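Content type mmCIF, N, CA and C atoms, from the file work_32.cif:
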data_protein
#
loop_
_atom_site.label_atom_id
_atom_site.label_comp_id
_atom_site.auth_asym_id
_atom_site.auth_seq_id
_atom_site.Cartn_x
_atom_site.Cartn_y
_atom_site.Cartn_z
N MET A 1 2.90 -3.20 9.65
CA MET A 1 1.70 -3.99 9.82
C MET A 1 0.87 -4.03 8.54
N GLN A 2 1.07 -3.04 7.70
CA GLN A 2 0.37 -3.06 6.41
C GLN A 2 0.75 -4.32 5.62
N LEU A 3 2.03 -4.64 5.65
CA LEU A 3 2.50 -5.83 4.93
C LEU A 3 1.89 -7.09 5.52
N GLU A 4 1.81 -7.16 6.83
CA GLU A 4 1.18 -8.30 7.49
C GLU A 4 -0.29 -8.43 7.13
N PHE A 5 -0.91 -7.33 6.82
CA PHE A 5 -2.31 -7.33 6.44
C PHE A 5 -2.49 -7.84 5.00
N TRP A 6 -1.66 -7.37 4.09
CA TRP A 6 -1.86 -7.64 2.67
C TRP A 6 -1.29 -8.97 2.19
N ILE A 7 -0.19 -9.45 2.78
CA ILE A 7 0.43 -10.69 2.30
C ILE A 7 -0.53 -11.88 2.35
N PRO A 8 -1.24 -12.13 3.44
CA PRO A 8 -2.17 -13.27 3.44
C PRO A 8 -3.29 -13.15 2.40
N ILE A 9 -3.72 -11.94 2.13
CA ILE A 9 -4.75 -11.75 1.11
C ILE A 9 -4.17 -12.11 -0.26
N VAL A 10 -2.95 -11.69 -0.52
CA VAL A 10 -2.29 -12.02 -1.79
C VAL A 10 -2.06 -13.53 -1.88
N VAL A 11 -1.66 -14.16 -0.78
CA VAL A 11 -1.45 -15.62 -0.77
C VAL A 11 -2.76 -16.33 -1.09
N SER A 12 -3.85 -15.89 -0.49
CA SER A 12 -5.16 -16.50 -0.76
C SER A 12 -5.55 -16.32 -2.22
N LEU A 13 -5.34 -15.13 -2.75
CA LEU A 13 -5.65 -14.89 -4.16
C LEU A 13 -4.76 -15.74 -5.07
N LEU A 14 -3.50 -15.89 -4.69
CA LEU A 14 -2.59 -16.74 -5.46
C LEU A 14 -3.06 -18.19 -5.45
N LEU A 15 -3.53 -18.68 -4.30
CA LEU A 15 -4.08 -20.03 -4.24
C LEU A 15 -5.28 -20.18 -5.17
N VAL A 16 -6.15 -19.18 -5.17
CA VAL A 16 -7.32 -19.21 -6.04
C VAL A 16 -6.88 -19.29 -7.50
N VAL A 17 -5.94 -18.46 -7.89
CA VAL A 17 -5.47 -18.45 -9.28
C VAL A 17 -4.83 -19.79 -9.64
N LEU A 18 -3.98 -20.32 -8.76
CA LEU A 18 -3.31 -21.59 -9.05
C LEU A 18 -4.29 -22.75 -9.19
N PHE A 19 -5.29 -22.79 -8.33
CA PHE A 19 -6.27 -23.88 -8.42
C PHE A 19 -7.24 -23.67 -9.57
N GLU A 20 -7.67 -22.44 -9.81
CA GLU A 20 -8.63 -22.19 -10.88
C GLU A 20 -8.03 -22.35 -12.27
N THR A 21 -6.74 -22.17 -12.41
CA THR A 21 -6.08 -22.36 -13.70
C THR A 21 -5.54 -23.78 -13.87
N ASP A 22 -5.88 -24.65 -12.95
CA ASP A 22 -5.48 -26.07 -12.97
C ASP A 22 -3.97 -26.29 -12.90
N ILE A 23 -3.26 -25.32 -12.37
CA ILE A 23 -1.84 -25.53 -12.10
C ILE A 23 -1.71 -26.48 -10.92
N LEU A 24 -2.58 -26.30 -9.93
CA LEU A 24 -2.69 -27.24 -8.81
C LEU A 24 -4.00 -28.00 -8.97
N GLU A 25 -3.99 -29.27 -8.60
CA GLU A 25 -5.16 -30.11 -8.78
C GLU A 25 -6.18 -29.90 -7.65
N THR A 26 -7.43 -29.75 -8.03
CA THR A 26 -8.49 -29.55 -7.04
C THR A 26 -9.08 -30.89 -6.62
N GLY A 27 -9.68 -30.91 -5.44
CA GLY A 27 -10.42 -32.07 -4.98
C GLY A 27 -9.58 -33.27 -4.59
N LEU A 28 -8.33 -33.05 -4.23
CA LEU A 28 -7.46 -34.17 -3.87
C LEU A 28 -7.97 -34.96 -2.67
N LEU A 29 -8.67 -34.32 -1.77
CA LEU A 29 -9.16 -34.98 -0.56
C LEU A 29 -10.69 -35.11 -0.54
N SER A 30 -11.32 -34.95 -1.68
CA SER A 30 -12.79 -34.93 -1.72
C SER A 30 -13.41 -36.28 -1.37
N GLU A 31 -12.69 -37.36 -1.51
CA GLU A 31 -13.22 -38.69 -1.19
C GLU A 31 -13.14 -39.01 0.30
N ASP A 32 -12.33 -38.28 1.05
CA ASP A 32 -12.13 -38.54 2.47
C ASP A 32 -13.16 -37.77 3.29
N LYS A 33 -14.36 -38.34 3.41
CA LYS A 33 -15.48 -37.65 4.06
C LYS A 33 -15.26 -37.48 5.56
N GLY A 34 -14.56 -38.40 6.19
CA GLY A 34 -14.29 -38.28 7.62
C GLY A 34 -13.41 -37.07 7.92
N SER A 35 -12.34 -36.92 7.16
CA SER A 35 -11.45 -35.77 7.34
C SER A 35 -12.17 -34.47 6.98
N GLU A 36 -13.00 -34.54 5.97
CA GLU A 36 -13.75 -33.34 5.57
C GLU A 36 -14.67 -32.88 6.70
N PHE A 37 -15.36 -33.83 7.35
CA PHE A 37 -16.24 -33.48 8.46
C PHE A 37 -15.46 -32.87 9.62
N VAL A 38 -14.34 -33.49 9.97
CA VAL A 38 -13.53 -32.99 11.08
C VAL A 38 -13.00 -31.60 10.76
N MET A 39 -12.44 -31.42 9.58
CA MET A 39 -11.87 -30.12 9.21
C MET A 39 -12.95 -29.04 9.11
N THR A 40 -14.11 -29.41 8.59
CA THR A 40 -15.21 -28.44 8.52
C THR A 40 -15.62 -28.01 9.93
N SER A 41 -15.76 -28.97 10.82
CA SER A 41 -16.14 -28.65 12.20
C SER A 41 -15.10 -27.77 12.88
N VAL A 42 -13.83 -28.13 12.74
CA VAL A 42 -12.75 -27.37 13.37
C VAL A 42 -12.70 -25.96 12.82
N MET A 43 -12.78 -25.81 11.51
CA MET A 43 -12.68 -24.48 10.90
C MET A 43 -13.91 -23.62 11.20
N GLU A 44 -15.08 -24.23 11.28
CA GLU A 44 -16.27 -23.47 11.66
C GLU A 44 -16.14 -22.95 13.09
N LEU A 45 -15.70 -23.82 14.01
CA LEU A 45 -15.51 -23.40 15.40
C LEU A 45 -14.43 -22.33 15.51
N ALA A 46 -13.33 -22.52 14.79
CA ALA A 46 -12.24 -21.54 14.84
C ALA A 46 -12.72 -20.19 14.32
N THR A 47 -13.46 -20.19 13.24
CA THR A 47 -13.97 -18.93 12.67
C THR A 47 -14.94 -18.25 13.63
N ILE A 48 -15.84 -19.03 14.20
CA ILE A 48 -16.83 -18.47 15.13
C ILE A 48 -16.16 -17.89 16.37
N CYS A 49 -15.08 -18.51 16.83
CA CYS A 49 -14.38 -18.03 18.03
C CYS A 49 -13.38 -16.91 17.73
N PHE A 50 -12.66 -17.02 16.63
CA PHE A 50 -11.57 -16.08 16.35
C PHE A 50 -12.05 -14.70 15.93
N ILE A 51 -13.17 -14.61 15.23
CA ILE A 51 -13.63 -13.30 14.77
C ILE A 51 -13.96 -12.39 15.95
N PRO A 52 -14.81 -12.80 16.89
CA PRO A 52 -15.07 -11.91 18.03
C PRO A 52 -13.82 -11.64 18.87
N LEU A 53 -12.98 -12.65 19.02
CA LEU A 53 -11.75 -12.46 19.78
C LEU A 53 -10.86 -11.40 19.13
N ALA A 54 -10.72 -11.46 17.82
CA ALA A 54 -9.90 -10.48 17.10
C ALA A 54 -10.50 -9.08 17.19
N LEU A 55 -11.82 -8.99 17.10
CA LEU A 55 -12.47 -7.68 17.13
C LEU A 55 -12.40 -7.02 18.51
N TYR A 56 -12.41 -7.81 19.56
CA TYR A 56 -12.41 -7.27 20.92
C TYR A 56 -11.09 -7.41 21.64
N LEU A 57 -10.07 -7.89 20.96
CA LEU A 57 -8.78 -8.16 21.60
C LEU A 57 -8.22 -6.94 22.31
N PHE A 58 -8.29 -5.78 21.71
CA PHE A 58 -7.70 -4.58 22.29
C PHE A 58 -8.54 -4.02 23.44
N ARG A 59 -9.70 -4.57 23.68
CA ARG A 59 -10.55 -4.10 24.78
C ARG A 59 -10.34 -4.88 26.07
N PHE A 60 -9.60 -5.99 26.00
CA PHE A 60 -9.28 -6.71 27.23
C PHE A 60 -8.40 -5.81 28.09
N LYS A 61 -8.67 -5.77 29.38
CA LYS A 61 -8.02 -4.80 30.26
C LYS A 61 -6.50 -4.88 30.21
N LYS A 62 -5.94 -6.07 30.30
CA LYS A 62 -4.48 -6.20 30.32
C LYS A 62 -3.87 -5.69 29.00
N ILE A 63 -4.47 -6.05 27.90
CA ILE A 63 -3.95 -5.63 26.59
C ILE A 63 -4.15 -4.13 26.41
N HIS A 64 -5.31 -3.64 26.80
CA HIS A 64 -5.57 -2.20 26.67
C HIS A 64 -4.58 -1.39 27.51
N ASP A 65 -4.29 -1.86 28.72
CA ASP A 65 -3.32 -1.17 29.57
C ASP A 65 -1.93 -1.18 28.94
N GLN A 66 -1.55 -2.29 28.31
CA GLN A 66 -0.25 -2.35 27.64
C GLN A 66 -0.20 -1.38 26.47
N LEU A 67 -1.28 -1.29 25.73
CA LEU A 67 -1.32 -0.38 24.58
C LEU A 67 -1.27 1.08 25.00
N CYS A 68 -1.77 1.38 26.19
CA CYS A 68 -1.79 2.75 26.69
C CYS A 68 -0.53 3.09 27.48
N SER A 69 0.37 2.15 27.65
CA SER A 69 1.59 2.40 28.42
C SER A 69 2.61 3.15 27.57
N GLU A 70 3.77 3.42 28.19
CA GLU A 70 4.84 4.13 27.48
C GLU A 70 5.37 3.32 26.30
N LYS A 71 5.32 2.01 26.42
CA LYS A 71 5.81 1.13 25.35
C LYS A 71 4.65 0.67 24.46
N GLY A 72 3.64 1.50 24.32
CA GLY A 72 2.44 1.14 23.59
C GLY A 72 2.68 0.75 22.14
N GLU A 73 3.63 1.42 21.50
CA GLU A 73 3.90 1.10 20.09
C GLU A 73 4.45 -0.31 19.93
N ARG A 74 5.29 -0.72 20.87
CA ARG A 74 5.85 -2.07 20.82
C ARG A 74 4.74 -3.11 21.03
N TYR A 75 3.87 -2.83 22.00
CA TYR A 75 2.76 -3.75 22.25
C TYR A 75 1.75 -3.73 21.12
N LEU A 76 1.59 -2.60 20.47
CA LEU A 76 0.68 -2.53 19.33
C LEU A 76 1.16 -3.45 18.22
N GLN A 77 2.45 -3.48 17.98
CA GLN A 77 3.00 -4.38 16.96
C GLN A 77 2.72 -5.83 17.34
N LYS A 78 2.96 -6.15 18.60
CA LYS A 78 2.76 -7.53 19.08
C LYS A 78 1.29 -7.94 19.00
N TRP A 79 0.42 -7.15 19.60
CA TRP A 79 -0.98 -7.52 19.65
C TRP A 79 -1.68 -7.29 18.31
N GLY A 80 -1.21 -6.33 17.53
CA GLY A 80 -1.76 -6.13 16.19
C GLY A 80 -1.49 -7.33 15.29
N THR A 81 -0.28 -7.86 15.40
CA THR A 81 0.07 -9.06 14.63
C THR A 81 -0.78 -10.25 15.08
N CYS A 82 -0.94 -10.37 16.39
CA CYS A 82 -1.77 -11.45 16.93
C CYS A 82 -3.21 -11.33 16.44
N ARG A 83 -3.72 -10.12 16.45
CA ARG A 83 -5.09 -9.85 16.01
C ARG A 83 -5.28 -10.21 14.54
N LEU A 84 -4.34 -9.80 13.71
CA LEU A 84 -4.42 -10.13 12.29
C LEU A 84 -4.29 -11.63 12.06
N ALA A 85 -3.39 -12.27 12.81
CA ALA A 85 -3.18 -13.72 12.65
C ALA A 85 -4.43 -14.51 12.99
N LEU A 86 -5.20 -14.03 13.96
CA LEU A 86 -6.45 -14.71 14.31
C LEU A 86 -7.41 -14.77 13.14
N LEU A 87 -7.27 -13.85 12.22
CA LEU A 87 -8.16 -13.81 11.06
C LEU A 87 -7.52 -14.37 9.79
N TYR A 88 -6.24 -14.04 9.56
CA TYR A 88 -5.69 -14.45 8.27
C TYR A 88 -5.20 -15.88 8.23
N VAL A 89 -4.81 -16.47 9.34
CA VAL A 89 -4.39 -17.88 9.31
C VAL A 89 -5.57 -18.78 8.93
N PRO A 90 -6.73 -18.66 9.61
CA PRO A 90 -7.84 -19.50 9.17
C PRO A 90 -8.37 -19.13 7.78
N MET A 91 -8.22 -17.86 7.37
CA MET A 91 -8.67 -17.47 6.03
C MET A 91 -7.88 -18.21 4.95
N VAL A 92 -6.56 -18.20 5.09
CA VAL A 92 -5.72 -18.89 4.11
C VAL A 92 -5.96 -20.40 4.17
N LEU A 93 -6.08 -20.93 5.37
CA LEU A 93 -6.33 -22.36 5.54
C LEU A 93 -7.67 -22.75 4.94
N ASN A 94 -8.70 -21.95 5.16
CA ASN A 94 -10.01 -22.24 4.56
C ASN A 94 -9.96 -22.19 3.03
N THR A 95 -9.20 -21.26 2.50
CA THR A 95 -9.06 -21.18 1.05
C THR A 95 -8.42 -22.45 0.51
N LEU A 96 -7.37 -22.89 1.15
CA LEU A 96 -6.69 -24.13 0.74
C LEU A 96 -7.62 -25.34 0.90
N LEU A 97 -8.29 -25.43 2.02
CA LEU A 97 -9.18 -26.57 2.27
C LEU A 97 -10.35 -26.61 1.29
N TYR A 98 -10.83 -25.45 0.87
CA TYR A 98 -11.90 -25.43 -0.12
C TYR A 98 -11.46 -26.16 -1.39
N TYR A 99 -10.28 -25.87 -1.84
CA TYR A 99 -9.81 -26.50 -3.08
C TYR A 99 -9.39 -27.95 -2.88
N LEU A 100 -8.97 -28.32 -1.69
CA LEU A 100 -8.61 -29.71 -1.44
C LEU A 100 -9.84 -30.60 -1.30
N PHE A 101 -10.88 -30.10 -0.63
CA PHE A 101 -12.10 -30.88 -0.43
C PHE A 101 -13.22 -30.52 -1.39
N MET A 102 -13.13 -29.34 -2.01
CA MET A 102 -14.20 -28.81 -2.87
C MET A 102 -15.53 -28.79 -2.12
N HIS A 103 -15.46 -28.31 -0.88
CA HIS A 103 -16.64 -28.17 -0.02
C HIS A 103 -16.88 -26.68 0.19
N VAL A 104 -18.04 -26.21 -0.21
CA VAL A 104 -18.32 -24.78 -0.27
C VAL A 104 -18.27 -24.10 1.10
N ALA A 105 -18.46 -24.83 2.17
CA ALA A 105 -18.42 -24.21 3.51
C ALA A 105 -17.08 -23.53 3.77
N PHE A 106 -16.00 -24.13 3.31
CA PHE A 106 -14.67 -23.54 3.49
C PHE A 106 -14.56 -22.21 2.75
N ALA A 107 -15.14 -22.13 1.58
CA ALA A 107 -15.10 -20.88 0.81
C ALA A 107 -15.89 -19.79 1.53
N TYR A 108 -17.05 -20.15 2.07
CA TYR A 108 -17.85 -19.17 2.81
C TYR A 108 -17.11 -18.67 4.04
N LEU A 109 -16.45 -19.59 4.75
CA LEU A 109 -15.69 -19.20 5.94
C LEU A 109 -14.54 -18.26 5.56
N ALA A 110 -13.86 -18.56 4.47
CA ALA A 110 -12.75 -17.71 4.02
C ALA A 110 -13.26 -16.31 3.66
N ILE A 111 -14.41 -16.24 3.02
CA ILE A 111 -14.98 -14.94 2.65
C ILE A 111 -15.39 -14.16 3.89
N ILE A 112 -15.98 -14.84 4.86
CA ILE A 112 -16.37 -14.18 6.12
C ILE A 112 -15.13 -13.63 6.82
N LEU A 113 -14.06 -14.40 6.86
CA LEU A 113 -12.82 -13.94 7.50
C LEU A 113 -12.21 -12.77 6.73
N LEU A 114 -12.26 -12.82 5.41
CA LEU A 114 -11.76 -11.71 4.60
C LEU A 114 -12.53 -10.43 4.90
N LEU A 115 -13.84 -10.54 4.99
CA LEU A 115 -14.65 -9.36 5.33
C LEU A 115 -14.36 -8.87 6.74
N SER A 116 -14.07 -9.78 7.65
CA SER A 116 -13.75 -9.39 9.03
C SER A 116 -12.43 -8.64 9.10
N LEU A 117 -11.52 -8.92 8.19
CA LEU A 117 -10.25 -8.20 8.16
C LEU A 117 -10.46 -6.70 7.94
N CYS A 118 -11.55 -6.33 7.28
CA CYS A 118 -11.83 -4.91 7.06
C CYS A 118 -12.01 -4.15 8.37
N PHE A 119 -12.46 -4.85 9.41
CA PHE A 119 -12.72 -4.21 10.69
C PHE A 119 -11.47 -4.06 11.56
N VAL A 120 -10.37 -4.66 11.14
CA VAL A 120 -9.12 -4.54 11.89
C VAL A 120 -8.00 -4.02 10.99
N TYR A 121 -8.37 -3.34 9.91
CA TYR A 121 -7.38 -2.79 9.00
C TYR A 121 -6.42 -1.88 9.77
N PRO A 122 -5.11 -2.14 9.68
CA PRO A 122 -4.15 -1.38 10.49
C PRO A 122 -3.76 -0.03 9.89
N SER A 123 -4.70 0.89 9.83
CA SER A 123 -4.38 2.23 9.33
C SER A 123 -3.62 2.99 10.40
N SER A 124 -2.87 3.99 10.00
CA SER A 124 -2.07 4.76 10.97
C SER A 124 -2.98 5.48 11.96
N GLU A 125 -4.12 5.97 11.49
CA GLU A 125 -5.05 6.66 12.39
C GLU A 125 -5.60 5.70 13.45
N ARG A 126 -5.99 4.50 13.03
CA ARG A 126 -6.51 3.52 13.98
C ARG A 126 -5.43 3.12 14.98
N CYS A 127 -4.22 2.93 14.51
CA CYS A 127 -3.12 2.56 15.41
C CYS A 127 -2.88 3.64 16.46
N LEU A 128 -2.91 4.90 16.04
CA LEU A 128 -2.74 6.00 16.99
C LEU A 128 -3.89 6.04 18.00
N ASP A 129 -5.10 5.85 17.52
CA ASP A 129 -6.26 5.83 18.42
C ASP A 129 -6.13 4.72 19.46
N GLU A 130 -5.67 3.56 19.03
CA GLU A 130 -5.61 2.43 19.94
C GLU A 130 -4.46 2.53 20.92
N THR A 131 -3.35 3.14 20.53
CA THR A 131 -2.24 3.29 21.46
C THR A 131 -2.48 4.44 22.43
N ASP A 132 -3.24 5.45 22.01
CA ASP A 132 -3.53 6.58 22.89
C ASP A 132 -4.66 6.26 23.86
N GLY A 133 -5.37 5.17 23.62
CA GLY A 133 -6.45 4.80 24.51
C GLY A 133 -7.74 5.53 24.23
N ARG A 134 -7.83 6.20 23.11
CA ARG A 134 -9.07 6.92 22.78
C ARG A 134 -10.16 5.97 22.30
N ASN A 135 -9.79 4.74 21.99
CA ASN A 135 -10.74 3.78 21.45
C ASN A 135 -11.22 2.81 22.53
N SER A 136 -11.45 3.30 23.73
CA SER A 136 -11.84 2.39 24.80
C SER A 136 -13.28 2.19 24.85
#

Turn this file's structure into structure tokens for me.
Amino acid sequence: MQLEFWIPIVVSLLLVVLFETDILETGLLSEDKGSEFVMTSVMELATICFIPLALYLFRFKKIHDQLCSEKGERYLQKWGTCRLALLYVPMVLNTLLYYLFMHVAFAYLAIILLLSLCFVYPSSERCLDETDGRNS
């Protein structure tokens, strides 16, 4: 799960480097204001919904019961990946959209999602706490 945590961050940083060094062209979609409005609205809603969902995912009764079961490690991998994906997919997408539209809202959303990843960092201690049910 450590790899699942770090790869999207590296991908986002790689996008930043590629766009900032003009290897990839910025602002390709900056003239399309209709698409910019729709994408901004969708990404803002996704960010607002996905952050609390990711933070509280393991507290839902069904998921918590699965994590505390005999097969808790298997479910931890499944739900841990889901939890990380709720944050890193929109983070990478916001990073890309920032450079395509050059609209600062996407950059702010990506930064907020990056900071939110700190709260779900998959350390071995946290994983043990969550599978043992001590984090209820």

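You will find CA of Glu31 in chain A at 7.9 Å from CA of Phe101 in chain A.
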
Let me know the residues the PyMOL selection byres ((chain A and resi 1) around 8) catches in the file above, as a PyMOL selection string. chain A and resi 2-7+77+80-81+121-123

Using all atoms listed in the file: which of A:Ser12, A:Ser35, A:Thr21, A:Ser30 has the shortest distance to Met102 in chain A: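 Selected residue with least distance to Met102 in chain A: A:Ser30.
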
Distance query 12 Å from (3.7, -3.3, 25.7) using only C-alpha atoms, result as a PDB file with N, CA and C atoms, in the frame of the given file:
ATOM      1  N   PHE A  58      -8.290  -5.780  21.710  1.00  0.00           N
ATOM      2  CA  PHE A  58      -7.700  -4.580  22.290  1.00  0.00           C
ATOM      3  C   PHE A  58      -8.540  -4.020  23.440  1.00  0.00           C
ATOM      4  N   LYS A  62      -5.940  -6.070  30.300  1.00  0.00           N
ATOM      5  CA  LYS A  62      -4.480  -6.200  30.320  1.00  0.00           C
ATOM      6  C   LYS A  62      -3.870  -5.690  29.000  1.00  0.00           C
ATOM      7  N   ILE A  63      -4.470  -6.050  27.900  1.00  0.00           N
ATOM      8  CA  ILE A  63      -3.950  -5.630  26.590  1.00  0.00           C
ATOM      9  C   ILE A  63      -4.150  -4.130  26.410  1.00  0.00           C
ATOM     10  N   HIS A  64      -5.310  -3.640  26.800  1.00  0.00           N
ATOM     11  CA  HIS A  64      -5.570  -2.200  26.670  1.00  0.00           C
ATOM     12  C   HIS A  64      -4.580  -1.390  27.510  1.00  0.00           C
ATOM     13  N   ASP A  65      -4.290  -1.860  28.720  1.00  0.00           N
ATOM     14  CA  ASP A  65      -3.320  -1.170  29.570  1.00  0.00           C
ATOM     15  C   ASP A  65      -1.930  -1.180  28.940  1.00  0.00           C
ATOM     16  N   GLN A  66      -1.550  -2.290  28.310  1.00  0.00           N
ATOM     17  CA  GLN A  66      -0.250  -2.350  27.640  1.00  0.00           C
ATOM     18  C   GLN A  66      -0.200  -1.380  26.470  1.00  0.00           C
ATOM     19  N   LEU A  67      -1.280  -1.290  25.730  1.00  0.00           N
ATOM     20  CA  LEU A  67      -1.320  -0.380  24.580  1.00  0.00           C
ATOM     21  C   LEU A  67      -1.270   1.080  25.000  1.00  0.00           C
ATOM     22  N   CYS A  68      -1.770   1.380  26.190  1.00  0.00           N
ATOM     23  CA  CYS A  68      -1.790   2.750  26.690  1.00  0.00           C
ATOM     24  C   CYS A  68      -0.530   3.090  27.480  1.00  0.00           C
ATOM     25  N   SER A  69       0.370   2.150  27.650  1.00  0.00           N
ATOM     26  CA  SER A  69       1.590   2.400  28.420  1.00  0.00           C
ATOM     27  C   SER A  69       2.610   3.150  27.570  1.00  0.00           C
ATOM     28  N   GLU A  70       3.770   3.420  28.190  1.00  0.00           N
ATOM     29  CA  GLU A  70       4.840   4.130  27.480  1.00  0.00           C
ATOM     30  C   GLU A  70       5.370   3.320  26.300  1.00  0.00           C
ATOM     31  N   LYS A  71       5.320   2.010  26.420  1.00  0.00           N
ATOM     32  CA  LYS A  71       5.810   1.130  25.350  1.00  0.00           C
ATOM     33  C   LYS A  71       4.650   0.670  24.460  1.00  0.00           C
ATOM     34  N   GLY A  72       3.640   1.500  24.320  1.00  0.00           N
ATOM     35  CA  GLY A  72       2.440   1.140  23.590  1.00  0.00           C
ATOM     36  C   GLY A  72       2.680   0.750  22.140  1.00  0.00           C
ATOM     37  N   GLU A  73       3.630   1.420  21.500  1.00  0.00           N
ATOM     38  CA  GLU A  73       3.900   1.100  20.090  1.00  0.00           C
ATOM     39  C   GLU A  73       4.450  -0.310  19.930  1.00  0.00           C
ATOM     40  N   ARG A  74       5.290  -0.720  20.870  1.00  0.00           N
ATOM     41  CA  ARG A  74       5.850  -2.070  20.820  1.00  0.00           C
ATOM     42  C   ARG A  74       4.740  -3.110  21.030  1.00  0.00           C
ATOM     43  N   TYR A  75       3.870  -2.830  22.000  1.00  0.00           N
ATOM     44  CA  TYR A  75       2.760  -3.750  22.250  1.00  0.00           C
ATOM     45  C   TYR A  75       1.750  -3.730  21.120  1.00  0.00           C
ATOM     46  N   LEU A  76       1.590  -2.600  20.470  1.00  0.00           N
ATOM     47  CA  LEU A  76       0.680  -2.530  19.330  1.00  0.00           C
ATOM     48  C   LEU A  76       1.160  -3.450  18.220  1.00  0.00           C
ATOM     49  N   GLN A  77       2.450  -3.480  17.980  1.00  0.00           N
ATOM     50  CA  GLN A  77       3.000  -4.380  16.960  1.00  0.00           C
ATOM     51  C   GLN A  77       2.720  -5.830  17.340  1.00  0.00           C
ATOM     52  N   LYS A  78       2.960  -6.150  18.600  1.00  0.00           N
ATOM     53  CA  LYS A  78       2.760  -7.530  19.080  1.00  0.00           C
ATOM     54  C   LYS A  78       1.290  -7.940  19.000  1.00  0.00           C
ATOM     55  N   TRP A  79       0.420  -7.150  19.600  1.00  0.00           N
ATOM     56  CA  TRP A  79      -0.980  -7.520  19.650  1.00  0.00           C
ATOM     57  C   TRP A  79      -1.680  -7.290  18.310  1.00  0.00           C
ATOM     58  N   GLY A  80      -1.210  -6.330  17.530  1.00  0.00           N
ATOM     59  CA  GLY A  80      -1.760  -6.130  16.190  1.00  0.00           C
ATOM     60  C   GLY A  80      -1.490  -7.330  15.290  1.00  0.00           C
ATOM     61  N   THR A 131      -3.350   3.140  20.530  1.00  0.00           N
ATOM     62  CA  THR A 131      -2.240   3.290  21.460  1.00  0.00           C
ATOM     63  C   THR A 131      -2.480   4.440  22.430  1.00  0.00           C
TER      64      THR A 131
END

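Closest approach to Leu114 in chain A among A:Val11, A:Ile23, A:Leu28, A:Met91 is made by A:Met91 (distances from all atoms listed in the file).
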
Could you tell me which residues the PyMOL selection byres (((chain A and resi 51 and name CA) around 8) and name CA) returns for this structure, as number ranges by chain? A: 47-50, 52-55, 86-87, 113, 116

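Taking atom C of Leu93 in chain A as the reference point, atom C of Phe60 in chain A is found at 28.7 Å.
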
Residue nearest Thr40 in chain A among A:Leu18, A:Val10, A:Ala105, A:Leu24 (counting all atoms listed in the file):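 Comparing A:Leu18, A:Val10, A:Ala105, A:Leu24 against Thr40 in chain A, the winner is A:Ala105.
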
Which value, in Å to one decimal, gives the distance between CA of Thr95 in chain A and atom C of Leu15 in chain A?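 Atom C of Leu15 in chain A lies 7.3 Å from CA of Thr95 in chain A.
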
Name the residues that the PyMOL selection byres (((chain A and resi 98 and name CA) around 10) and name CA) pulls out of this structure, and write them as a PyMOL selection string. chain A and resi 16+26-27+29-30+36+40+92-97+99-110

Residue subset to file, keeping N, CA and C atoms, as a compact mmCIF listing (two decimals), in the frame of the given file:
# COMPACT_ATOMS: atom_id res chain seq x y z
N VAL A 16 -6.15 -19.18 -5.17
CA VAL A 16 -7.32 -19.21 -6.04
C VAL A 16 -6.88 -19.29 -7.50
N THR A 26 -7.43 -29.75 -8.03
CA THR A 26 -8.49 -29.55 -7.04
C THR A 26 -9.08 -30.89 -6.62
N GLY A 27 -9.68 -30.91 -5.44
CA GLY A 27 -10.42 -32.07 -4.98
C GLY A 27 -9.58 -33.27 -4.59
N LEU A 29 -8.67 -34.32 -1.77
CA LEU A 29 -9.16 -34.98 -0.56
C LEU A 29 -10.69 -35.11 -0.54
N SER A 30 -11.32 -34.95 -1.68
CA SER A 30 -12.79 -34.93 -1.72
C SER A 30 -13.41 -36.28 -1.37
N GLU A 36 -13.00 -34.54 5.97
CA GLU A 36 -13.75 -33.34 5.57
C GLU A 36 -14.67 -32.88 6.70
N THR A 40 -14.11 -29.41 8.59
CA THR A 40 -15.21 -28.44 8.52
C THR A 40 -15.62 -28.01 9.93
N VAL A 92 -6.56 -18.20 5.09
CA VAL A 92 -5.72 -18.89 4.11
C VAL A 92 -5.96 -20.40 4.17
N LEU A 93 -6.08 -20.93 5.37
CA LEU A 93 -6.33 -22.36 5.54
C LEU A 93 -7.67 -22.75 4.94
N ASN A 94 -8.70 -21.95 5.16
CA ASN A 94 -10.01 -22.24 4.56
C ASN A 94 -9.96 -22.19 3.03
N THR A 95 -9.20 -21.26 2.50
CA THR A 95 -9.06 -21.18 1.05
C THR A 95 -8.42 -22.45 0.51
N LEU A 96 -7.37 -22.89 1.15
CA LEU A 96 -6.69 -24.13 0.74
C LEU A 96 -7.62 -25.34 0.90
N LEU A 97 -8.29 -25.43 2.02
CA LEU A 97 -9.18 -26.57 2.27
C LEU A 97 -10.35 -26.61 1.29
N TYR A 99 -10.28 -25.87 -1.84
CA TYR A 99 -9.81 -26.50 -3.08
C TYR A 99 -9.39 -27.95 -2.88
N LEU A 100 -8.97 -28.32 -1.69
CA LEU A 100 -8.61 -29.71 -1.44
C LEU A 100 -9.84 -30.60 -1.30
N PHE A 101 -10.88 -30.10 -0.63
CA PHE A 101 -12.10 -30.88 -0.43
C PHE A 101 -13.22 -30.52 -1.39
N MET A 102 -13.13 -29.34 -2.01
CA MET A 102 -14.20 -28.81 -2.87
C MET A 102 -15.53 -28.79 -2.12
N HIS A 103 -15.46 -28.31 -0.88
CA HIS A 103 -16.64 -28.17 -0.02
C HIS A 103 -16.88 -26.68 0.19
N VAL A 104 -18.04 -26.21 -0.21
CA VAL A 104 -18.32 -24.78 -0.27
C VAL A 104 -18.27 -24.10 1.10
N ALA A 105 -18.46 -24.83 2.17
CA ALA A 105 -18.42 -24.21 3.51
C ALA A 105 -17.08 -23.53 3.77
N PHE A 106 -16.00 -24.13 3.31
CA PHE A 106 -14.67 -23.54 3.49
C PHE A 106 -14.56 -22.21 2.75
N ALA A 107 -15.14 -22.13 1.58
CA ALA A 107 -15.10 -20.88 0.81
C ALA A 107 -15.89 -19.79 1.53
N TYR A 108 -17.05 -20.15 2.07
CA TYR A 108 -17.85 -19.17 2.81
C TYR A 108 -17.11 -18.67 4.04
N LEU A 109 -16.45 -19.59 4.75
CA LEU A 109 -15.69 -19.20 5.94
C LEU A 109 -14.54 -18.26 5.56
N ALA A 110 -13.86 -18.56 4.47
CA ALA A 110 -12.75 -17.71 4.02
C ALA A 110 -13.26 -16.31 3.66
